[in-house]
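Only one structure is covered here, and it is reproduced in the block below.
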Amino acid sequence: MSDLGAGFGYLIKGQRWAFGHGRWFGFGLLPALITLVVYAAALVGLGYGADDFVGWATPFADDWSSPWLGLLRNTLVVLVFAFGIFLAVITFTAATLLVGQPFYESLSEEVDRSEGGEVPESDLPLWRELWISARDSVRILVRVALYGVVLFALGFIPVIGQTVIPVLGFCVTGYFLSEELTAVALQRRGMVLKDRLALLRTRRMMVLGFGVPLALAFVVPFVAVLLMPGAVAGATLLARALTATPGAGPAPAPEPYTLRKD
């Protein structure tokens with residue numbers, strides 16, 4: 001439970017950092033605003049087309065009597081839209097980070113700089129960073145999609161499908177949301193996707209404590225935009241904690257270097 005609280009603490013600290021640095025807060029809003037416009041249009045389209053899609057996918061139920069036809073199709077419409085939101089929450093972060101790669105790279109470096117200690121910088125050209133981010137995001141989204149298909153199917157189980165499964169869905173969302181956000185700082189530390197996932201598994205509860213509340217907040221589109229700069233800042237703080245010496249807490253600032261006379 002302490003790790004859950006610690007993870008949530010990094011989320012709050014990140015938001016405080018962003019709101020306390022107005023220039024960087026505004027700097028981090030632009031990519032999220034651009035992505036929001038695109039995603040809002042997609043969700044509106046899904047909302048209008050979900051009925052037609054469900055009707056097309058369930059021709060076997062055309063002759064069912066009331067109320068079973070309405071119950072089946074209304075339930076499927078809700079599940080389809082919920083699945084769309086589930087994917088939107090995950091892909092929103094990946095798309096925003098891809099659009100705003102230079103923005104969030106600089107923001108993450110500034111957080112590291114303000115906390116003291118080593119400030120890793122990427123030596124890769126921008127096109128290479130974008131390629132790595134896009135490739136890793138696709139790999140993460142494949143994992144999320146697999147979980148999503150399983151959870152979608154389990155959603156048909158009475159009672160459990162309407163209670164336990166949504167909770168598991170937000171846990172999955174929060175976990176991979178944390179991976180996407182910490183990737184900004186961890187890639188600068190030379191960690192590839194495999195290493196990042198292994199690192200996150202060592203402190204699962206801390207990662208969930210950071211990611212699940214953020215996933216819940218990201219369901220509201222405008223909230224996602226406002227929290228994005230702080231989410232990157234908080235994920236950088238979380239990455240510092242995860243890569244510090246076990247049990248030692250975040251790495252302290254180094255002592256000033258002085259010449260010694262032998």
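As shown in the structure tokens, the chain order sets the letters A, B, ...; within each chain, residues go from 1, and ligands are also counted from 1 in the order they appear.
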
Residues at most 9 Å from A:Lys13, counting only C-alpha atoms, excluding those fewer than 5 positions away in the same chain, as a list of chain:residue names?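 Selected residues are A:Phe8, A:Ala18, A:Gly230, A:Ala233, A:Gly234, A:Leu237.
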
Keeping only C-alpha atoms, write those residues as an mmCIF file, in the first residue's frame.
```cif
data_model
loop_
_atom_site.group_PDB
_atom_site.id
_atom_site.type_symbol
_atom_site.label_atom_id
_atom_site.label_comp_id
_atom_site.auth_asym_id
_atom_site.auth_seq_id
_atom_site.Cartn_x
_atom_site.Cartn_y
_atom_site.Cartn_z
ATOM 1 C CA PHE A 8 0.130 8.809 -6.433
ATOM 2 C CA ALA A 18 3.949 21.946 -14.001
ATOM 3 C CA GLY A 230 2.217 17.549 -15.159
ATOM 4 C CA ALA A 233 6.794 15.907 -15.113
ATOM 5 C CA GLY A 234 5.462 13.356 -12.603
ATOM 6 C CA LEU A 237 10.074 12.012 -11.059
#
```

Could you pull out the residues in stretch 100-206 of chain A that DSSP calls helix (DSSP H, G or I) from the backbone, as a VMD selection string? chain A and resid 101 to 115 126 to 154 160 to 188 193 to 201 204 to 206

Residues of stretch 148-219 of chain A that have any atom at most 12 Å from an atom of stretch 110-122 of chain A: could you tabulate them with the shortest-distance atom pair and the distance in Å to one decimal, using only C-alpha atoms, ordered by chain and increasing number, as a Markdown table?
```
| residue | atom | partner | partner_atom | distance |
| --- | --- | --- | --- | --- |
| A:Val184 | CA | A:Ser122 | CA | 10.2 |
| A:Ala185 | CA | A:Pro120 | CA | 8.4 |
| A:Leu186 | CA | A:Pro120 | CA | 9.2 |
| A:Gln187 | CA | A:Ser122 | CA | 7.8 |
| A:Arg188 | CA | A:Ser122 | CA | 5.1 |
| A:Arg189 | CA | A:Pro120 | CA | 5.9 |
| A:Gly190 | CA | A:Ser122 | CA | 8.2 |
| A:Met191 | CA | A:Ser122 | CA | 11.2 |
```

As a count of residues only, please: the residues near A:Leu36 (cut-off 8 Å, only C-alpha atoms, same-chain neighbours under 3 positions excluded). 8

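Picture a line from atom CA of A:Val54 to atom CA of A:Val142; it runs 23.6 Å.
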
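Distances to A:Arg196 were evaluated for A:Phe176, A:Trp56, A:Phe81, A:Trp24 using only C-alpha atoms, and the minimum falls at A:Phe176.
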
Close residues, A:Leu168 itself excluded, 12 Å, only C-alpha atoms, min 2 positions apart in chain, as a ChimeraX atom specification: /A:86,147-148,150-152,154-155,160-166,170-175,208,212

Residues near A:Gly5, anyone? I mean within 9 Å using only C-alpha atoms, not counting same-chain ones fewer than 5 positions away, as a list in words. Tyr10, Met205, Met206, Gly209 and Phe210 of chain A

Which residues are near A:Leu238? Cut-off 8 Å, only C-alpha atoms, ignore same chain within fewer than 2 positions. Put them as a list in words. Gly7, Tyr10, Thr182, Gly234, Ala235, Thr236, Arg240, Ala241 and Leu242 of chain A

Take the residues just selected and output them with all heavy atoms as a short mmCIF file (atom, residue, chain, number, x, y, z; two decimals), in the first residue's frame.
```
data_model
loop_
_atom_site.label_atom_id
_atom_site.label_comp_id
_atom_site.auth_asym_id
_atom_site.auth_seq_id
_atom_site.Cartn_x
_atom_site.Cartn_y
_atom_site.Cartn_z
N GLY A 7 3.35 6.23 -5.57
CA GLY A 7 3.07 6.48 -6.98
C GLY A 7 2.13 7.64 -7.17
O GLY A 7 2.35 8.50 -8.04
N TYR A 10 3.94 10.94 -6.66
CA TYR A 10 4.68 11.45 -7.81
C TYR A 10 3.77 12.12 -8.83
O TYR A 10 4.15 13.09 -9.48
CB TYR A 10 5.48 10.32 -8.47
CG TYR A 10 6.68 9.89 -7.67
CD1 TYR A 10 6.79 8.60 -7.17
CD2 TYR A 10 7.71 10.80 -7.39
CE1 TYR A 10 7.88 8.22 -6.40
CE2 TYR A 10 8.81 10.42 -6.64
CZ TYR A 10 8.89 9.12 -6.15
OH TYR A 10 9.98 8.76 -5.40
N THR A 182 6.65 7.41 -18.68
CA THR A 182 8.02 7.28 -18.17
C THR A 182 9.03 7.02 -19.29
O THR A 182 10.22 7.24 -19.11
CB THR A 182 8.13 6.14 -17.13
OG1 THR A 182 7.63 4.92 -17.71
CG2 THR A 182 7.35 6.46 -15.86
N GLY A 234 5.58 14.38 -13.64
CA GLY A 234 5.46 13.36 -12.60
C GLY A 234 6.09 12.05 -13.02
O GLY A 234 6.72 11.35 -12.21
N ALA A 235 5.95 11.69 -14.30
CA ALA A 235 6.55 10.45 -14.80
C ALA A 235 8.08 10.54 -14.77
O ALA A 235 8.76 9.53 -14.54
CB ALA A 235 6.08 10.18 -16.22
N THR A 236 8.62 11.73 -14.98
CA THR A 236 10.07 11.91 -14.87
C THR A 236 10.52 11.70 -13.42
O THR A 236 11.54 11.04 -13.17
CB THR A 236 10.46 13.32 -15.34
OG1 THR A 236 10.04 13.50 -16.70
CG2 THR A 236 11.98 13.52 -15.26
N ARG A 240 12.97 8.72 -12.05
CA ARG A 240 14.14 8.95 -11.19
C ARG A 240 14.12 8.01 -9.99
O ARG A 240 15.15 7.47 -9.59
CB ARG A 240 14.16 10.41 -10.72
CG ARG A 240 14.52 11.40 -11.79
CD ARG A 240 14.32 12.84 -11.30
NE ARG A 240 15.17 13.16 -10.17
CZ ARG A 240 16.41 13.66 -10.27
NH1 ARG A 240 16.93 13.90 -11.46
NH2 ARG A 240 17.11 13.92 -9.18
N ALA A 241 12.93 7.83 -9.41
CA ALA A 241 12.81 6.94 -8.25
C ALA A 241 13.05 5.49 -8.65
O ALA A 241 13.72 4.74 -7.93
CB ALA A 241 11.43 7.10 -7.62
N LEU A 242 12.53 5.08 -9.79
CA LEU A 242 12.66 3.69 -10.22
C LEU A 242 14.09 3.33 -10.57
O LEU A 242 14.50 2.17 -10.43
CB LEU A 242 11.76 3.43 -11.43
CG LEU A 242 10.24 3.44 -11.18
CD1 LEU A 242 9.49 3.37 -12.49
CD2 LEU A 242 9.84 2.30 -10.27
#
```
